[in-house]
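Undergrad: Contents of data-v1.txt (compact mmCIF, C-alpha atoms) are given next:
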```txt
# COMPACT_ATOMS: atom_id res chain seq x y z
CA MET A 9 -13.81 44.82 -46.03
CA LYS A 10 -12.64 48.44 -45.73
CA LYS A 11 -15.89 49.44 -44.04
CA TYR A 12 -14.84 47.38 -40.99
CA THR A 13 -12.35 50.13 -40.14
CA LEU A 14 -15.24 51.65 -38.19
CA HIS A 15 -15.50 48.47 -36.13
CA LEU A 16 -11.78 48.42 -35.44
CA PHE A 17 -12.04 52.01 -34.24
CA ILE A 18 -14.99 51.24 -31.95
CA PHE A 19 -13.30 48.10 -30.64
CA SER A 20 -10.04 49.88 -29.77
CA PHE A 21 -11.92 52.79 -28.21
CA VAL A 22 -14.04 50.51 -26.02
CA MET A 23 -11.00 48.49 -24.96
CA SER A 24 -9.17 51.70 -23.98
CA LEU A 25 -12.18 52.84 -21.96
CA ILE A 26 -12.33 49.48 -20.19
CA SER A 27 -8.57 49.74 -19.52
CA LEU A 28 -9.12 53.17 -18.03
CA VAL A 29 -11.81 51.86 -15.68
CA ILE A 30 -10.10 48.63 -14.62
CA MET A 31 -6.74 50.35 -14.10
CA GLU A 32 -8.49 52.61 -11.59
CA LYS A 33 -9.37 49.40 -9.73
CA GLY A 34 -5.77 48.21 -9.83
CA TYR A 35 -5.96 45.78 -12.73
CA LYS A 36 -3.67 45.81 -15.73
CA GLU A 37 -4.45 47.47 -19.01
CA LEU A 38 -5.72 45.36 -21.92
CA TYR A 39 -2.75 44.96 -24.25
CA PRO A 40 -2.40 46.22 -26.94
CA PHE A 41 -5.23 48.65 -26.33
CA PHE A 42 -3.64 49.99 -23.21
CA SER A 43 -4.14 53.53 -22.19
CA TRP A 44 -1.52 56.16 -21.80
CA LYS A 45 0.64 56.73 -18.75
CA LEU A 46 -2.30 58.71 -17.49
CA PHE A 47 -1.26 60.86 -14.55
CA THR A 48 -4.70 61.75 -13.22
CA VAL A 49 -2.80 63.75 -10.63
CA PRO A 50 0.76 65.00 -11.17
CA SER A 51 3.60 62.72 -10.21
CA GLY A 52 4.60 64.01 -6.79
CA GLY A 53 1.00 64.94 -6.13
CA GLU A 54 0.70 62.95 -2.90
CA ALA A 55 1.84 64.51 0.36
CA THR A 56 4.40 61.74 0.88
CA GLU A 57 5.74 59.11 -1.49
CA ASP A 58 7.56 55.81 -1.04
CA GLN A 59 10.54 54.59 -2.94
CA TYR A 60 12.59 51.42 -2.54
CA LYS A 61 16.34 51.90 -2.47
CA LEU A 62 19.38 49.65 -2.34
CA TYR A 63 22.24 50.38 0.00
CA GLY A 64 25.64 48.78 -0.48
CA ILE A 65 27.72 47.47 2.43
CA SER A 66 31.46 48.00 2.20
CA ASP A 67 34.14 47.32 4.85
CA SER A 68 33.58 50.44 6.86
CA ASP A 69 30.40 51.95 5.59
CA THR A 70 26.90 51.61 4.18
CA ILE A 71 26.38 53.61 1.04
CA ARG A 72 23.09 54.65 -0.55
CA ILE A 73 23.29 53.45 -4.15
CA VAL A 74 22.49 56.18 -6.64
CA ASN A 75 21.09 54.86 -9.93
CA LYS A 76 23.27 55.78 -12.87
CA SER A 77 22.48 55.04 -16.50
CA VAL A 78 24.66 52.35 -18.04
CA ARG A 79 24.33 50.54 -21.35
CA SER A 80 21.87 47.82 -20.39
CA TYR A 81 19.96 49.76 -17.73
CA ASP A 82 19.11 53.42 -17.73
CA ALA A 83 18.61 55.10 -14.36
CA ASN A 84 14.83 54.98 -14.74
CA ASP A 85 14.90 51.21 -15.46
CA LYS A 86 16.97 50.59 -12.35
CA ALA A 87 14.49 52.52 -10.20
CA VAL A 88 11.58 50.49 -11.62
CA ILE A 89 13.43 47.18 -11.12
CA VAL A 90 14.29 47.90 -7.46
CA GLY A 91 10.74 49.22 -6.97
CA THR A 92 9.14 46.08 -8.43
CA TYR A 93 11.15 43.61 -6.36
CA GLY A 94 11.16 45.86 -3.30
CA LYS A 95 7.38 46.06 -3.17
CA ARG A 96 6.98 42.29 -3.61
CA ILE A 97 9.52 41.58 -0.89
CA GLU A 98 7.84 43.95 1.54
CA ASP A 99 4.39 42.53 0.70
CA ASN A 100 5.68 38.95 1.11
CA VAL A 101 4.82 38.00 -2.45
CA ASN A 102 7.22 35.19 -3.47
CA LYS A 103 9.63 36.77 -1.04
CA GLU A 104 12.61 34.42 -1.38
CA GLU A 105 12.39 34.33 -5.18
CA ASN A 106 12.25 38.11 -5.40
CA LYS A 107 15.10 38.53 -2.91
CA ARG A 108 17.19 36.20 -5.03
CA LYS A 109 16.45 38.20 -8.18
CA LEU A 110 17.09 41.54 -6.53
CA LEU A 111 20.46 40.24 -5.34
CA ILE A 112 21.31 39.12 -8.88
CA PHE A 113 20.42 42.62 -10.08
CA ALA A 114 22.48 44.28 -7.32
CA LYS A 115 25.54 42.14 -8.05
CA ASP A 116 25.18 42.77 -11.78
CA THR A 117 24.99 46.55 -11.45
CA GLU A 118 27.02 47.30 -8.29
CA PRO A 119 29.43 44.38 -7.84
CA GLN A 120 31.83 46.28 -5.56
CA TYR A 121 29.84 45.75 -2.34
CA LYS A 122 29.99 42.87 0.15
CA GLY A 123 26.28 42.91 0.83
CA TYR A 124 23.14 44.88 0.18
CA LEU A 125 20.30 46.32 2.23
CA LEU A 126 16.85 47.09 0.90
CA TYR A 127 15.27 50.21 2.39
CA LYS A 128 11.95 51.90 1.87
CA GLU A 129 12.35 55.65 1.82
CA THR A 130 9.43 57.98 2.43
CA TYR A 131 9.86 61.54 1.25
CA ARG A 132 7.82 64.67 0.64
CA PRO A 133 7.87 65.56 -3.08
CA LYS A 134 7.43 69.22 -2.13
CA GLU A 135 10.88 69.19 -0.54
CA ILE A 136 12.71 68.01 -3.65
CA GLY A 137 15.23 70.62 -4.70
CA GLU A 138 15.07 72.34 -1.29
CA ALA A 139 18.21 72.72 0.82
CA LYS A 140 16.92 70.27 3.44
CA MET A 141 14.97 67.16 2.60
CA ASN A 142 13.57 64.87 5.27
CA ILE A 143 13.72 61.23 4.22
CA ASN A 144 12.27 58.57 6.47
CA LYS A 145 14.10 55.25 6.06
CA LYS A 146 12.77 51.83 6.91
CA LEU A 147 14.92 48.71 6.60
CA ILE A 148 13.01 46.04 4.71
CA VAL A 149 15.55 43.24 4.40
CA LYS A 150 19.19 42.33 4.10
CA LEU A 151 19.89 40.55 0.82
CA MET B 160 -8.29 69.23 -53.95
CA ASN B 161 -11.18 69.21 -51.50
CA TYR B 162 -11.07 67.72 -47.99
CA PRO B 163 -12.12 64.14 -48.96
CA GLN B 164 -9.55 64.05 -51.78
CA ILE B 165 -6.80 65.46 -49.56
CA THR B 166 -7.59 62.97 -46.80
CA VAL B 167 -7.52 59.91 -49.04
CA PHE B 168 -4.43 61.17 -50.88
CA ASN B 169 -2.57 61.72 -47.60
CA TYR B 170 -3.52 58.28 -46.35
CA LYS B 171 -2.25 56.62 -49.52
CA VAL B 172 1.13 58.32 -49.20
CA ALA B 173 1.19 57.52 -45.48
CA TYR B 174 0.49 53.83 -46.23
CA TYR B 175 3.85 53.55 -48.01
CA MET B 176 5.70 55.79 -45.56
CA VAL B 177 4.46 53.65 -42.67
CA ARG B 178 6.07 50.61 -44.28
CA PHE B 179 9.45 52.35 -44.45
CA PHE B 180 8.99 53.62 -40.92
CA GLY B 181 8.14 50.05 -39.86
CA LEU B 182 11.52 48.84 -41.12
CA TYR B 183 13.26 51.56 -39.10
CA TRP B 184 11.20 50.60 -36.04
CA LEU B 185 12.19 46.93 -36.36
CA VAL B 186 15.87 47.90 -36.43
CA ALA B 187 15.30 50.08 -33.36
CA GLN B 188 13.62 47.13 -31.58
CA TYR B 189 16.58 44.89 -32.43
CA LEU B 190 19.03 47.40 -30.94
CA GLU B 191 16.85 47.64 -27.84
CA PHE B 192 16.68 43.84 -27.70
CA ILE B 193 20.46 43.34 -27.70
CA ARG B 194 20.73 46.01 -25.01
CA LEU B 195 18.26 44.17 -22.76
CA LYS B 196 19.85 40.82 -23.63
CA GLU B 197 23.00 41.90 -21.76
CA ARG B 198 21.11 41.69 -18.46
CA PRO B 199 21.20 38.46 -16.45
CA ALA B 200 18.40 36.14 -17.65
CA ALA B 201 16.63 36.34 -14.26
CA ILE B 202 16.16 40.12 -14.60
CA TYR B 203 13.07 39.94 -16.80
CA GLU B 204 9.52 40.49 -15.58
CA PRO B 205 6.80 40.14 -18.21
CA VAL B 206 3.85 42.38 -17.30
CA PHE B 207 0.86 40.90 -19.13
CA GLN B 208 -0.68 37.43 -18.85
CA LEU B 209 -0.52 36.99 -22.61
CA GLU B 210 3.12 37.96 -22.53
CA LYS B 211 3.88 35.38 -19.82
CA LEU B 212 2.45 32.75 -22.17
CA ILE B 213 4.33 33.89 -25.27
CA PHE B 214 7.59 34.89 -23.62
CA PRO B 215 7.89 33.24 -20.18
CA GLU B 216 11.63 33.90 -20.54
CA PHE B 217 13.26 36.81 -22.36
CA PRO B 218 13.28 35.58 -25.98
CA GLY B 219 16.42 34.10 -27.53
CA THR B 220 18.19 35.95 -30.32
CA PHE B 221 17.07 33.49 -33.02
CA VAL B 222 13.41 33.68 -32.07
CA PHE B 223 13.37 37.45 -31.78
CA ALA B 224 15.42 38.07 -34.92
CA GLY B 225 13.15 35.58 -36.72
CA LEU B 226 10.05 37.57 -35.77
CA LEU B 227 11.74 40.79 -36.92
CA ILE B 228 12.74 39.29 -40.26
CA VAL B 229 9.28 37.88 -40.98
CA CYS B 230 7.71 41.22 -40.06
CA ALA B 231 10.19 43.12 -42.27
CA ALA B 232 9.44 40.76 -45.17
CA LEU B 233 5.69 41.34 -44.80
CA LEU B 234 6.20 45.11 -44.69
CA ILE B 235 8.20 44.97 -47.92
CA ILE B 236 5.74 42.59 -49.63
CA THR B 237 2.81 44.88 -48.78
CA VAL B 238 4.53 47.78 -50.54
CA PHE B 239 3.98 45.88 -53.77
CA ARG B 240 1.01 43.70 -52.92
CA SER B 241 -1.31 45.10 -50.30
CA SER B 242 -3.51 42.57 -48.54
CA TYR B 243 -5.88 42.45 -45.57
CA LEU B 244 -4.46 39.17 -44.34
CA LEU B 245 -0.84 40.33 -44.49
CA ASN B 246 -1.83 43.57 -42.75
CA PHE B 247 -3.37 41.52 -39.98
CA PHE B 248 -0.19 39.48 -39.56
CA ILE B 249 1.92 42.65 -39.51
CA PHE B 250 -0.25 44.00 -36.70
CA LEU B 251 0.07 40.72 -34.80
CA LEU B 252 3.86 40.60 -35.21
CA VAL B 253 4.34 44.25 -34.25
CA ALA B 254 2.23 43.70 -31.12
CA ILE B 255 4.25 40.59 -30.19
CA ILE B 256 7.65 42.15 -30.93
CA ASN B 257 6.73 45.14 -28.79
CA LEU B 258 5.95 42.96 -25.75
CA PRO B 259 9.32 41.90 -24.29
CA ILE B 260 10.81 45.31 -25.09
CA ALA B 261 8.02 47.55 -23.83
CA ALA B 262 6.36 45.46 -21.11
CA ASN B 263 9.35 44.39 -19.02
CA PHE B 264 8.94 45.48 -15.37
CA GLY B 265 6.96 48.67 -16.09
CA VAL B 266 5.16 49.37 -19.35
CA HIS B 267 6.76 51.80 -21.80
CA HIS B 268 4.17 53.32 -24.09
CA ASP B 269 6.44 54.44 -26.89
CA GLY B 270 5.25 51.55 -29.09
CA HIS B 271 1.57 51.95 -28.25
CA ILE B 272 0.64 54.37 -31.04
CA ILE B 273 2.60 52.25 -33.52
CA VAL B 274 0.83 48.98 -32.61
CA LEU B 275 -2.48 50.83 -32.69
CA GLY B 276 -1.69 52.36 -36.08
CA PHE B 277 -1.11 48.95 -37.64
CA PHE B 278 -4.32 47.68 -36.03
CA LEU B 279 -6.56 50.50 -37.24
CA SER B 280 -5.21 50.36 -40.80
CA ILE B 281 -5.69 46.62 -41.36
CA PHE B 282 -8.61 47.21 -43.75
CA LEU B 283 -7.26 50.33 -45.44
CA LEU B 284 -5.50 49.35 -48.67
CA PRO B 285 -4.49 52.21 -51.00
CA LYS B 286 -5.83 50.49 -54.14
CA GLU B 287 -9.28 50.02 -52.58
CA LEU B 288 -9.76 53.60 -51.39
CA GLU B 289 -11.81 56.12 -53.35
CA ASP B 290 -12.36 59.75 -52.43
CA LYS B 291 -15.71 58.98 -50.85
CA ASP B 292 -13.91 56.68 -48.38
CA TYR B 293 -12.37 59.64 -46.55
CA LYS B 294 -14.58 58.78 -43.56
CA LEU B 295 -12.67 55.51 -43.13
CA VAL B 296 -9.40 57.42 -42.96
CA GLN B 297 -11.04 59.66 -40.36
CA TYR B 298 -11.70 56.60 -38.18
CA PHE B 299 -8.02 55.75 -38.47
CA TYR B 300 -7.07 59.29 -37.42
CA LEU B 301 -9.64 59.30 -34.63
CA GLY B 302 -8.49 55.95 -33.26
CA ILE B 303 -4.96 57.30 -32.83
CA LEU B 304 -6.00 60.73 -31.55
CA MET B 305 -8.46 59.23 -29.07
CA THR B 306 -5.49 57.98 -27.05
CA TYR B 307 -4.56 61.57 -26.32
CA THR B 308 -8.16 62.65 -25.81
CA LEU B 309 -8.57 59.92 -23.17
CA ALA B 310 -5.31 60.94 -21.51
CA GLY B 311 -6.56 64.53 -21.36
CA MET B 312 -9.97 63.39 -20.16
CA SER B 313 -8.52 61.30 -17.33
CA LYS B 314 -6.49 64.29 -16.15
CA ILE B 315 -9.60 66.49 -16.22
CA LEU B 316 -11.68 63.87 -14.38
CA GLY B 317 -8.88 63.26 -11.85
CA THR B 318 -8.63 66.99 -11.18
CA VAL B 319 -12.40 67.45 -10.81
CA LYS B 320 -12.67 64.41 -8.54
CA ASN B 321 -9.94 65.64 -6.21
CA LEU B 322 -11.35 69.15 -6.13
CA ILE B 323 -14.87 67.94 -5.29
CA LYS B 324 -13.67 65.45 -2.69
CA ASN B 325 -11.39 68.16 -1.37
CA THR B 326 -8.50 65.72 -0.91
CA ASP B 327 -5.06 66.95 0.10
CA LYS B 328 -3.68 65.67 -3.20
CA LEU B 329 -2.05 68.13 -5.50
CA THR B 330 -4.06 68.53 -8.72
CA TRP B 331 -3.06 69.75 -12.17
CA VAL B 332 -4.47 73.20 -11.45
CA SER B 333 -2.44 73.64 -8.25
CA LYS B 334 0.51 75.96 -8.16
CA ASP B 335 3.77 74.15 -8.97
CA ALA B 336 1.97 71.05 -10.34
CA ALA B 337 4.16 70.91 -13.46
CA LYS B 338 7.28 71.66 -11.44
CA LEU B 339 6.61 68.91 -8.91
CA ASN B 340 5.76 66.50 -11.70
CA THR B 341 9.19 67.17 -13.21
CA TYR B 342 11.10 67.18 -9.91
CA ASP B 343 9.52 63.93 -8.71
CA ASN B 344 10.34 62.09 -11.93
CA TYR B 345 13.94 63.28 -11.73
CA TRP B 346 14.10 62.29 -8.07
CA MET B 347 12.77 58.79 -8.72
CA ALA B 348 15.39 58.28 -11.45
CA ASP B 349 18.15 59.68 -9.17
CA MET B 350 18.90 62.31 -11.76
CA GLN B 351 20.23 65.78 -11.05
CA ILE B 352 17.63 68.42 -11.80
CA PRO B 353 19.23 70.80 -14.35
CA PRO B 354 19.66 74.21 -12.64
CA VAL B 355 17.92 75.96 -15.54
CA PHE B 356 14.65 74.19 -14.62
CA LYS B 357 14.46 76.27 -11.48
CA SER B 358 14.35 79.48 -13.52
CA ILE B 359 11.95 77.98 -16.06
CA TYR B 360 9.49 76.95 -13.36
CA ALA B 361 9.94 80.24 -11.45
CA TYR B 362 7.03 81.68 -13.47
CA ASP B 363 4.58 79.62 -11.43
CA HIS B 364 1.40 81.44 -12.48
CA ILE B 365 2.22 81.12 -16.16
CA TRP B 366 2.80 77.40 -15.64
CA ILE B 367 -0.73 76.97 -14.31
CA VAL B 368 -2.02 78.48 -17.56
CA ILE B 369 0.34 76.35 -19.68
CA THR B 370 -0.67 73.18 -17.81
CA VAL B 371 -4.40 73.84 -18.13
CA LEU B 372 -4.06 74.72 -21.82
CA GLY B 373 -1.89 71.65 -22.40
CA ILE B 374 -4.47 69.34 -20.83
CA LEU B 375 -7.33 70.95 -22.76
CA MET B 376 -5.39 70.63 -26.01
CA GLN B 377 -4.71 66.97 -25.24
CA PHE B 378 -8.41 66.44 -24.69
CA LEU B 379 -9.32 68.27 -27.91
CA CYS B 380 -6.96 66.18 -30.08
CA PHE B 381 -9.91 64.17 -31.46
CA LEU B 382 -10.98 67.26 -33.44
CA GLY B 383 -7.97 66.69 -35.69
CA GLY B 384 -9.83 63.71 -37.12
CA PHE B 385 -12.37 66.00 -38.81
CA ASN B 386 -10.36 68.84 -40.26
CA ARG B 387 -7.07 68.81 -42.13
CA LYS B 388 -5.73 72.12 -40.77
CA LEU B 389 -6.57 71.07 -37.22
CA LEU B 390 -4.83 67.75 -37.80
CA THR B 391 -1.63 69.56 -38.76
CA PHE B 392 -2.08 71.85 -35.77
CA PHE B 393 -2.47 68.93 -33.34
CA LEU B 394 0.48 67.12 -34.95
CA ILE B 395 2.65 70.12 -34.08
CA PHE B 396 1.14 70.28 -30.59
CA LEU B 397 1.80 66.56 -29.96
CA TYR B 398 5.35 66.88 -31.24
CA ILE B 399 6.07 69.70 -28.78
CA PHE B 400 4.22 67.84 -26.01
CA HIS B 401 6.32 64.69 -26.50
CA VAL B 402 9.57 66.67 -26.60
CA TYR B 403 8.51 68.37 -23.34
CA THR B 404 7.74 65.06 -21.62
CA ALA B 405 11.05 63.57 -22.81
CA ILE B 406 13.09 66.45 -21.36
CA PHE B 407 11.03 67.40 -18.31
CA VAL B 408 9.33 64.15 -17.27
CA LEU B 409 11.91 61.65 -18.63
CA ALA B 410 9.15 59.91 -20.59
CA GLU B 411 10.68 58.95 -23.90
CA PHE B 412 8.29 58.98 -26.87
CA GLU B 413 10.77 59.29 -29.70
CA ASN B 414 9.42 56.58 -31.99
CA ALA B 415 5.81 57.50 -31.26
CA ASN B 416 6.64 61.04 -32.29
CA TYR B 417 8.20 59.93 -35.60
CA PHE B 418 5.20 57.72 -36.26
CA LEU B 419 2.76 60.58 -35.68
CA ILE B 420 4.65 62.66 -38.23
CA VAL B 421 4.56 59.80 -40.75
CA ILE B 422 0.79 59.24 -40.48
CA PHE B 423 -0.44 62.82 -39.98
CA PHE B 424 1.95 64.70 -42.26
CA PRO B 425 0.19 67.03 -44.74
CA TYR B 426 1.70 65.33 -47.77
CA HIS B 427 -0.74 67.17 -50.06
CA LEU B 428 1.19 70.38 -49.46
CA LEU B 429 4.20 68.82 -51.18
CA ARG B 430 2.20 67.86 -54.24
CA PRO B 431 2.83 71.06 -56.26
CA LEU B 432 6.58 70.51 -55.86
CA PHE B 433 6.36 67.10 -57.51
CA ARG B 434 4.01 68.34 -60.23
CA LYS B 435 6.49 71.01 -61.25
CA LYS B 436 9.23 68.45 -61.49
CA TYR B 437 7.15 66.31 -63.80
CA LEU B 438 6.29 69.29 -65.96
CA VAL B 439 9.94 70.20 -66.35
CA ALA B 440 10.81 66.63 -67.21
```
Will you turn the file into structure tokens for me?
TA:
Amino acid sequence: MKKYTLHLFIFSFVMSLISLVIMEKGYKELYPFFSWKLFTVPSGGEATEDQYKLYGISDSDTIRIVNKSVRSYDANDKAVIVGTYGKRIEDNVNKEENKRKLLIFAKDTEPQYKGYLLYKETYRPKEIGEAKMNINKKLIVKL
Amino acid sequence: MNYPQITVFNYKVAYYMVRFFGLYWLVAQYLEFIRLKERPAAIYEPVFQLEKLIFPEFPGTFVFAGLLIVCAALLIITVFRSSYLLNFFIFLLVAIINLPIAANFGVHHDGHIIVLGFFLSIFLLPKELEDKDYKLVQYFYLGILMTYTLAGMSKILGTVKNLIKNTDKLTWVSKDAAKLNTYDNYWMADMQIPPVFKSIYAYDHIWIVITVLGILMQFLCFLGGFNRKLLTFFLIFLYIFHVYTAIFVLAEFENANYFLIVIFFPYHLLRPLFRKKYLVA
């Protein structure tokens, strides 16, 4: 039986190669032979990048919610969650369902607001860390 | 010892170490599970089709703890009684346990190397391995290292493609590539960029060299599968690489890093220490 280790190696290698090719076409990797977080170009490599953001509505103001790490969500998780639902809502994929879930998430993590707005922000990665950063905001939906 | 003997010896030690590591990993998955369990039930998005079938909802505590306990029992049994079939079930369980933790919204790849390690070692039982089987251990090493080689290759191909097409995309050989990569990841996570990063990345020409060398080294990782000294060298490289990505790119690979140490460690170097002990006794 031990000689089949070669076949396991070949199998996993081929599956990773296929993952690499199909991910380029927008499909998902083949679990559990998925490839790495590959970064063919650096993150921030595009001239402009989009990011979905929640804004909280209070009595007098609308406040851009900054993701902070808490026990059950770290800041990165929060960004991915808002990004996942935000993209689906904008693309009209199960819009109502995803709005409902995003609202549950918003109330769970930032319960102090009366309502929430979903924005898409477009920024230039080159300006991060500079004194002035131009962010283009587009309102997607009110939750 | 010659290379084949060293390779088989190191694998045999690693076989047992992997089982202890596996128990640690299961505990770590349980802690991660109870952390995610605190979220509202609706906030769970399985990524893969297979995962949607197995876990359409985030698993209940009994189910998940049950999987962990069965897997732990198999790991312990295989310390005393190694078996192909049990190895296969361990791989299956590890792959399933990893799913709701690692493939929820995005995919975290910290468990990838670990799942792969259990897959590639299904047919490698310590009692069945002789010195002439060192090639089989090499396939195991290669299978793991190939992950990094492919990651390096895709960066090289991506860079070449963008250079040839002359796109306006920033490539890995551009000035400030590493810096932007760091800054963008911090920005997306809404995290303050530590002021010291600015001084670290101020040496922009040196960073081009570091980035290019880093990508080449990633690509060359497969060489570690053929030479023991190179394997140790690439283990050290990967350790540093993962620590860099954790701090500068916020990509956590803590368990993957421990696992790499467990499977690639040059245990043969410790052998004289144990011999002496026995002699004294």
Undergrad: Can you list, as a PDB file with C-alpha atoms, in the coordinates of the input, every protein, DNA or RNA residue that comes within 6 Å of segment 71-86 of chain A when you count all atoms listed in the file, leaving out same-chain residues fewer than 4 positions away?
TA:
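Generated file (result13.pdb):
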```pdb
ATOM      1  CA  LEU A  62      19.380  49.650  -2.340  1.00  0.00           C
ATOM      2  CA  TYR A  63      22.240  50.380   0.000  1.00  0.00           C
ATOM      3  CA  GLY A  64      25.640  48.780  -0.480  1.00  0.00           C
TER       4      GLY A  64
ATOM      5  CA  ARG B 194      20.730  46.010 -25.010  1.00  0.00           C
ATOM      6  CA  LEU B 195      18.260  44.170 -22.760  1.00  0.00           C
ATOM      7  CA  ALA B 348      15.390  58.280 -11.450  1.00  0.00           C
ATOM      8  CA  ASP B 349      18.150  59.680  -9.170  1.00  0.00           C
TER       9      ASP B 349
END
```
Undergrad: For the interface of chain B with chain A (cut-off 6 Å, counting only C-alpha atoms), please tabulate each contacting residue of chain B alongside its nearest pair of atoms and their separation in Å to one decimal, rows sorted by chain and increasing number, as JSON lines.
TA:
```
{"residue": "B:Arg194", "atom": "CA", "partner": "A:Ser80", "partner_atom": "CA", "distance": 5.1}
{"residue": "B:Leu195", "atom": "CA", "partner": "A:Ser80", "partner_atom": "CA", "distance": 5.7}
{"residue": "B:Leu279", "atom": "CA", "partner": "A:Leu16", "partner_atom": "CA", "distance": 5.9}
{"residue": "B:Phe282", "atom": "CA", "partner": "A:Lys10", "partner_atom": "CA", "distance": 4.7}
{"residue": "B:Leu283", "atom": "CA", "partner": "A:Lys10", "partner_atom": "CA", "distance": 5.7}
{"residue": "B:Gly302", "atom": "CA", "partner": "A:Phe17", "partner_atom": "CA", "distance": 5.4}
{"residue": "B:Ala310", "atom": "CA", "partner": "A:Leu46", "partner_atom": "CA", "distance": 5.5}
{"residue": "B:Ser313", "atom": "CA", "partner": "A:Thr48", "partner_atom": "CA", "distance": 5.6}
{"residue": "B:Lys314", "atom": "CA", "partner": "A:Thr48", "partner_atom": "CA", "distance": 4.3}
{"residue": "B:Gly317", "atom": "CA", "partner": "A:Thr48", "partner_atom": "CA", "distance": 4.7}
{"residue": "B:Lys328", "atom": "CA", "partner": "A:Glu54", "partner_atom": "CA", "distance": 5.2}
{"residue": "B:Leu329", "atom": "CA", "partner": "A:Gly53", "partner_atom": "CA", "distance": 4.5}
{"residue": "B:Thr330", "atom": "CA", "partner": "A:Val49", "partner_atom": "CA", "distance": 5.3}
{"residue": "B:Leu339", "atom": "CA", "partner": "A:Gly52", "partner_atom": "CA", "distance": 5.7}
{"residue": "B:Asn340", "atom": "CA", "partner": "A:Ser51", "partner_atom": "CA", "distance": 4.6}
{"residue": "B:Asp343", "atom": "CA", "partner": "A:Gly52", "partner_atom": "CA", "distance": 5.3}
{"residue": "B:Ala348", "atom": "CA", "partner": "A:Asn84", "partner_atom": "CA", "distance": 4.7}
{"residue": "B:Asp349", "atom": "CA", "partner": "A:Asn75", "partner_atom": "CA", "distance": 5.7}
```
Undergrad: State, in Å with one decimal place, the distance from atom CA of Phe247 of chain B to atom CA of Leu382 of chain B.
TA: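 Atom-to-atom, atom CA of Phe247 of chain B to atom CA of Leu382 of chain B, that is 27.6 Å.
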Undergrad: At what distance in Å, to one decimal, does atom CA of Tyr398 of chain B lie from atom CA of Lys320 of chain B?
TA: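 One can read the atom CA of Lys320 of chain B to atom CA of Tyr398 of chain B distance as 29.1 Å.
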Undergrad: Write out as a compact mmCIF listing (two decimals) with C-alpha atoms, in the frame of the given file each polymer residue whose atoms come within 10 Å of Phe248 of chain B, counting all atoms listed in the file; drop sequence neighbours fewer than 6 positions from it.
TA:
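Output below, filename part05.txt:
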```
# COMPACT_ATOMS: atom_id res chain seq x y z
CA VAL B 229 9.28 37.88 -40.98
CA CYS B 230 7.71 41.22 -40.06
CA LEU B 233 5.69 41.34 -44.80
CA LEU B 234 6.20 45.11 -44.69
CA ALA B 254 2.23 43.70 -31.12
CA PHE B 277 -1.11 48.95 -37.64
CA PHE B 278 -4.32 47.68 -36.03
CA ILE B 281 -5.69 46.62 -41.36
```
Undergrad: Please measure the separation of atom CA of Phe385 of chain B and atom CA of Pro285 of chain B, giving the value in Å to one decimal.
TA: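 That distance, rounded to one decimal, is 20.0 Å.
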Undergrad: Would you mind telling me which residue in B:Ile255, B:His267, B:Asp335, B:Glu289 lies nearest to Glu411 of chain B when using only C-alpha atoms?
TA: B:His267
Undergrad: Calculated over only C-alpha atoms, which of the candidates B:Gly181, B:Gly225, B:Pro353, B:Gly270 has the smallest distance to Val238 of chain B?
TA: B:Gly181
Undergrad: Closest to Phe378 of chain B among B:Leu288, B:Leu190, B:Met176, B:Leu304, using all atoms listed in the file?
TA: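 Closest to Phe378 of chain B of all the choices is B:Leu304.
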Undergrad: From the structure just shown, export segment 309-331 of chain B with C-alpha atoms as a compact mmCIF listing (two decimals), in the first residue's frame.
TA:
```txt
# COMPACT_ATOMS: atom_id res chain seq x y z
CA LEU B 309 2.68 26.94 -6.71
CA ALA B 310 2.11 30.12 -4.69
CA GLY B 311 5.51 31.39 -5.84
CA MET B 312 4.84 30.29 -9.40
CA SER B 313 1.49 32.09 -9.56
CA LYS B 314 3.15 35.30 -8.36
CA ILE B 315 5.87 34.94 -11.01
CA LEU B 316 3.30 34.20 -13.75
CA GLY B 317 1.06 37.06 -12.58
CA THR B 318 4.01 39.45 -12.67
CA VAL B 319 5.18 38.32 -16.12
CA LYS B 320 1.63 38.49 -17.50
CA ASN B 321 1.10 42.05 -16.29
CA LEU B 322 4.50 43.16 -17.53
CA ILE B 323 3.94 41.70 -21.01
CA LYS B 324 0.40 43.03 -21.27
CA ASN B 325 1.69 46.32 -19.93
CA THR B 326 -1.34 46.77 -17.66
CA ASP B 327 -1.50 49.62 -15.17
CA LYS B 328 -1.61 47.09 -12.34
CA LEU B 329 1.10 47.20 -9.77
CA THR B 330 3.26 44.06 -9.91
CA TRP B 331 5.50 42.42 -7.33
```
